[in-house]
$ cat upload04.txt   # compact mmCIF, C-alpha atoms and all ligand atoms
# COMPACT_ATOMS: atom_id res chain seq x y z
CA MET T 1 120.21 101.51 26.79
CA THR T 2 122.39 98.53 27.75
CA ALA T 3 125.61 99.55 29.48
CA THR T 4 128.83 98.26 27.92
CA ILE T 5 131.81 97.15 30.00
CA LEU T 6 135.28 97.46 28.49
CA ILE T 7 137.46 94.48 29.41
CA LEU T 8 141.13 95.17 28.72
CA ASN T 9 143.89 92.60 28.62
CA GLY T 10 147.56 93.52 28.40
CA PRO T 11 150.70 91.89 27.02
CA ASN T 12 151.09 88.13 26.67
CA LEU T 13 147.53 87.39 27.74
CA ASN T 14 146.87 86.36 24.11
CA LEU T 15 149.10 83.35 24.91
CA LEU T 16 146.86 81.99 27.67
CA GLY T 17 146.31 78.27 27.32
CA THR T 18 149.95 77.53 26.48
CA ARG T 19 151.72 80.22 28.53
CA GLU T 20 153.12 78.90 31.84
CA PRO T 21 150.05 76.69 32.47
CA ASP T 22 151.29 75.88 36.00
CA ILE T 23 150.70 79.54 36.86
CA TYR T 24 147.93 80.63 34.50
CA GLY T 25 146.06 77.37 33.86
CA ARG T 26 144.92 75.98 30.50
CA GLU T 27 142.02 78.35 29.91
CA THR T 28 142.45 80.46 26.75
CA LEU T 29 141.60 84.15 26.47
CA ALA T 30 138.82 83.19 24.02
CA THR T 31 137.27 80.94 26.70
CA ILE T 32 137.44 83.76 29.25
CA GLU T 33 135.86 86.11 26.71
CA SER T 34 132.95 83.67 26.11
CA ALA T 35 132.39 83.31 29.86
CA CYS T 36 132.36 87.10 30.24
CA ARG T 37 129.85 87.50 27.41
CA ALA T 38 127.56 84.90 29.01
CA ARG T 39 127.89 86.46 32.46
CA GLY T 40 127.32 89.93 30.98
CA GLN T 41 124.16 88.73 29.26
CA GLY T 42 122.84 87.39 32.56
CA LEU T 43 123.57 90.74 34.21
CA GLY T 44 122.15 92.85 31.38
CA LEU T 45 125.58 94.19 30.38
CA ASP T 46 127.30 94.24 26.98
CA VAL T 47 130.96 93.28 26.95
CA ASP T 48 133.68 94.82 24.76
CA PHE T 49 136.62 92.44 25.24
CA ARG T 50 140.07 93.47 23.96
CA GLN T 51 143.74 92.49 24.21
CA SER T 52 146.88 94.37 23.24
CA ASN T 53 150.61 93.88 23.65
CA ASP T 54 151.05 97.62 23.13
CA GLU T 55 151.06 100.00 26.12
CA GLY T 56 150.09 103.01 23.97
CA GLU T 57 147.11 101.20 22.48
CA LEU T 58 145.86 100.33 25.97
CA VAL T 59 146.26 103.99 27.01
CA THR T 60 144.27 105.14 23.95
CA TRP T 61 141.49 102.63 24.63
CA ILE T 62 141.27 103.83 28.26
CA GLN T 63 141.13 107.48 27.12
CA GLU T 64 138.30 106.67 24.72
CA ALA T 65 136.30 104.57 27.22
CA PRO T 66 134.00 107.39 28.48
CA LYS T 67 132.56 107.77 24.94
CA ALA T 68 131.05 104.27 24.88
CA HIS T 69 131.62 102.41 28.13
CA ALA T 70 130.17 102.45 31.65
CA GLY T 71 133.03 100.69 33.44
CA ILE T 72 136.40 98.98 32.96
CA ILE T 73 137.82 95.62 33.96
CA ILE T 74 141.56 95.58 33.41
CA ASN T 75 144.24 92.94 33.55
CA ALA T 76 147.23 94.98 32.43
CA GLY T 77 149.61 91.99 32.59
CA ALA T 78 153.20 93.05 33.22
CA TYR T 79 152.29 96.73 32.63
CA THR T 80 150.49 96.50 35.98
CA HIS T 81 153.88 96.71 37.67
CA THR T 82 155.54 99.28 35.40
CA SER T 83 153.10 101.62 33.69
CA VAL T 84 152.59 105.11 35.07
CA ALA T 85 151.01 105.90 31.66
CA ILE T 86 148.22 103.37 32.25
CA LEU T 87 147.74 104.66 35.82
CA ASP T 88 147.49 108.24 34.52
CA ALA T 89 144.96 107.24 31.83
CA LEU T 90 142.81 105.36 34.38
CA SER T 91 143.02 108.33 36.78
CA ALA T 92 141.86 110.71 34.03
CA ILE T 93 138.50 109.01 33.51
CA ASP T 94 135.52 108.88 35.81
CA MET T 95 134.00 105.41 35.85
CA PRO T 96 134.19 102.28 38.00
CA ILE T 97 137.40 100.30 37.44
CA ILE T 98 138.11 96.77 38.64
CA GLU T 99 141.60 95.29 38.37
CA VAL T 100 141.91 91.55 37.71
CA HIS T 101 144.80 89.10 37.72
CA LEU T 102 144.58 85.40 37.01
CA SER T 103 147.39 84.55 39.39
CA ASN T 104 147.79 85.63 43.00
CA ILE T 105 150.41 88.32 42.39
CA HIS T 106 151.12 88.56 46.14
CA ARG T 107 152.25 84.94 46.26
CA ARG T 108 154.70 85.47 43.44
CA GLU T 109 157.96 87.38 42.90
CA GLU T 110 158.43 90.61 44.88
CA PHE T 111 158.33 92.76 41.72
CA ARG T 112 154.74 91.64 41.08
CA HIS T 113 153.52 92.80 44.49
CA HIS T 114 153.28 96.45 43.48
CA SER T 115 150.50 97.52 41.11
CA PHE T 116 150.21 100.98 39.57
CA VAL T 117 146.72 99.99 38.35
CA SER T 118 145.55 99.47 41.96
CA LYS T 119 146.06 103.18 42.64
CA ALA T 120 143.19 103.94 40.22
CA ALA T 121 141.04 100.84 40.73
CA ASP T 122 137.93 100.62 42.91
CA GLY T 123 138.73 97.00 43.66
CA MET T 124 141.10 94.18 42.75
CA ILE T 125 140.56 90.44 42.30
CA CYS T 126 143.54 88.13 41.93
CA GLY T 127 144.34 84.44 42.13
CA LEU T 128 141.00 83.07 40.94
CA GLY T 129 141.88 82.52 37.28
CA GLY T 130 139.27 83.44 34.67
CA GLN T 131 136.55 83.43 37.33
CA GLY T 132 137.97 86.75 38.53
CA TYR T 133 136.67 88.47 35.38
CA GLU T 134 133.15 87.17 36.00
CA LEU T 135 133.26 88.30 39.63
CA ALA T 136 134.43 91.72 38.45
CA LEU T 137 131.40 91.89 36.13
CA ASP T 138 129.13 91.06 39.10
CA ALA T 139 130.73 93.87 41.11
CA LEU T 140 130.37 96.39 38.27
CA ALA T 141 126.73 95.43 37.67
CA LYS T 142 125.96 96.12 41.33
CA ARG T 143 127.82 99.43 41.34
CA LEU T 144 126.15 100.63 38.15
CA LYS T 145 122.72 99.63 39.48
CA ASN T 146 123.29 101.46 42.76
CA ASN T 147 124.40 104.62 40.94
CA GLY T 148 121.82 104.41 38.15
C1 LIG O 201 149.06 88.74 35.44
C2 LIG O 201 150.16 88.87 36.49
C3 LIG O 201 151.31 89.71 35.97
O1 LIG O 201 152.33 89.80 36.95
C4 LIG O 201 151.90 89.10 34.72
O2 LIG O 201 152.92 89.92 34.20
C5 LIG O 201 150.88 88.80 33.69
C6 LIG O 201 149.60 88.22 34.12
C7 LIG O 201 147.95 87.78 35.90
O3 LIG O 201 146.87 87.82 35.29
O4 LIG O 201 148.15 86.98 36.81
O5 LIG O 201 151.09 88.94 32.50
O6 LIG O 201 148.48 90.02 35.25
$ encode --input "upload04.txt" --output "C-alpha cells" --more "lines below"
Ligand code: DQA
Amino acid sequence: MTATILILNGPNLNLLGTREPDIYGRETLATIESACRARGQGLGLDVDFRQSNDEGELVTWIQEAPKAHAGIIINAGAYTHTSVAILDALSAIDMPIIEVHLSNIHRREEFRHHSFVSKAADGMICGLGGQGYELALDALAKRLKNNG
C-alpha cells in the first residue's frame, strides 16, 4: 500500500503569492502543492495537502493523522511560535514529523526564533522557500524506507 504524507499549512499561507513577496516569494500554495505531488509520485508517496487558518482544525487533523498517514510535514505559520496545543497534538502521535518554513525564521524578528513545533519535530528546514517541502518529502521517504 502506498504511504500517504500529510502536509499541513497554517494561517495566512493561503495568501502566498501576494503576501509579503519580499519575504515569501511569488510562489503560490497551489504551486507548492503541485511540486509536492510530483515529488511524492517520484518517491512512491501519496500527498494529502491541506491549509487552515484555524488552530483547532490543525489540532484535529494532527490527532487524526495516525488513521491514514505515515508522516507529517508541517508549516504551522504563526502558530509555530505560539501554539502549545499544536505541540501537544504532535507529541501525542507516533510518526515522523518534519517542520518547514519558507523563510529563514532565525534571520527574522526575535519572536520568530522560538518554535513550539520544533520540540516535536524530527527535523526542521527553513529559508529555502517551497523547495523545503520537497526536501522534507525526500527525508520522510528515506526514514519510512529505513523503518519499513
Ligand atoms: C512561516 C514563518 C512564520 O514566522 C510566519 O508567521 C508564517 C510563515 C514561514 O513559512 O516562513 O506565517 O512559517
$ closest_atom_pairs --input "upload04.txt" --of "stretch 104-137 of chain T" --to "stretch 73-97 of chain T" --cutoff "10 Å" --atoms "all atoms listed in the file" --output "tab-separated table"
residue	atom	partner	partner_atom	distance
T:Phe111	CA	T:His81	CA	7.2
T:Arg112	CA	T:His81	CA	6.2
T:His113	CA	T:His81	CA	7.9
T:His114	CA	T:His81	CA	5.8
T:Ser115	CA	T:His81	CA	4.9
T:Phe116	CA	T:Thr80	CA	5.7
T:Val117	CA	T:Leu87	CA	5.4
T:Ser118	CA	T:Thr80	CA	8.3
T:Lys119	CA	T:Leu87	CA	7.2
T:Ala120	CA	T:Ser91	CA	5.6
T:Ala121	CA	T:Ile97	CA	4.9
T:Asp122	CA	T:Ile97	CA	5.5
T:Gly123	CA	T:Ile97	CA	7.2
T:Met124	CA	T:Ile97	CA	8.9
T:Ile125	CA	T:Asn75	CA	9.8
T:Cys126	CA	T:Asn75	CA	9.7
T:Gly132	CA	T:Ile73	CA	10.0
T:Tyr133	CA	T:Ile73	CA	7.4
T:Glu134	CA	T:Ile73	CA	9.9
T:Ala136	CA	T:Ile73	CA	6.8
T:Leu137	CA	T:Ile73	CA	7.7
$ residues_around --input "upload04.txt" --residues "T:Ala30" --least-positions-apart "6" --cutoff "10 Å" --atoms "all atoms listed in the file" --output "list of chain:residue names"
T:Asn14, T:Leu16, T:Gly17, T:Cys36, T:Phe49
$ write_last_selection --input "upload04.txt" --atoms "C-alpha atoms" --output "short mmCIF file (atom, residue, chain, number, x, y, z; two decimals), in the coordinates of the input"
data_model
loop_
_atom_site.label_atom_id
_atom_site.label_comp_id
_atom_site.auth_asym_id
_atom_site.auth_seq_id
_atom_site.Cartn_x
_atom_site.Cartn_y
_atom_site.Cartn_z
CA ASN T 14 146.87 86.36 24.11
CA LEU T 16 146.86 81.99 27.67
CA GLY T 17 146.31 78.27 27.32
CA CYS T 36 132.36 87.10 30.24
CA PHE T 49 136.62 92.44 25.24
#
$ axis_aligned_box --input "upload04.txt" --around "stretch 119-137 of chain T" --padding-each-side "5 Å" --output "lines of an AutoDock Vina configuration file"
center_x = 138.7
center_y = 93.2
center_z = 39.2
size_x = 24.7
size_y = 31.4
size_z = 19.0
$ atom_distance --input "upload04.txt" --atom1 "atom CA of T:Gly44" --atom2 "atom CA of T:Ala65"
18.8 Å
$ residues_around --input "upload04.txt" --residues "T:Leu6" --least-positions-apart "4" --cutoff "9 Å" --atoms "all atoms listed in the file" --output "PyMOL selection string"
chain T and resi 46-50+61-62+65+68-74
$ write_last_selection --input "upload04.txt" --atoms "C-alpha atoms" --output "CSV table (one decimal), in the frame of the given file"
chain,number,residue,atom,x,y,z
T,46,ASP,CA,127.3,94.2,27.0
T,47,VAL,CA,131.0,93.3,27.0
T,48,ASP,CA,133.7,94.8,24.8
T,49,PHE,CA,136.6,92.4,25.2
T,50,ARG,CA,140.1,93.5,24.0
T,61,TRP,CA,141.5,102.6,24.6
T,62,ILE,CA,141.3,103.8,28.3
T,65,ALA,CA,136.3,104.6,27.2
T,68,ALA,CA,131.0,104.3,24.9
T,69,HIS,CA,131.6,102.4,28.1
T,70,ALA,CA,130.2,102.4,31.6
T,71,GLY,CA,133.0,100.7,33.4
T,72,ILE,CA,136.4,99.0,33.0
T,73,ILE,CA,137.8,95.6,34.0
T,74,ILE,CA,141.6,95.6,33.4
$ closest_residue --input "upload04.txt" --among "T:Ser103, T:Gln41, T:Asn53, T:Asn9" --to "ligand LIG 201 (chain O)" --atoms "all atoms listed in the file"
T:Ser103
$ atom_distance --input "upload04.txt" --atom1 "atom C4 of ligand LIG 201 (chain O)" --atom2 "atom CA of T:Ile23"
9.9 Å
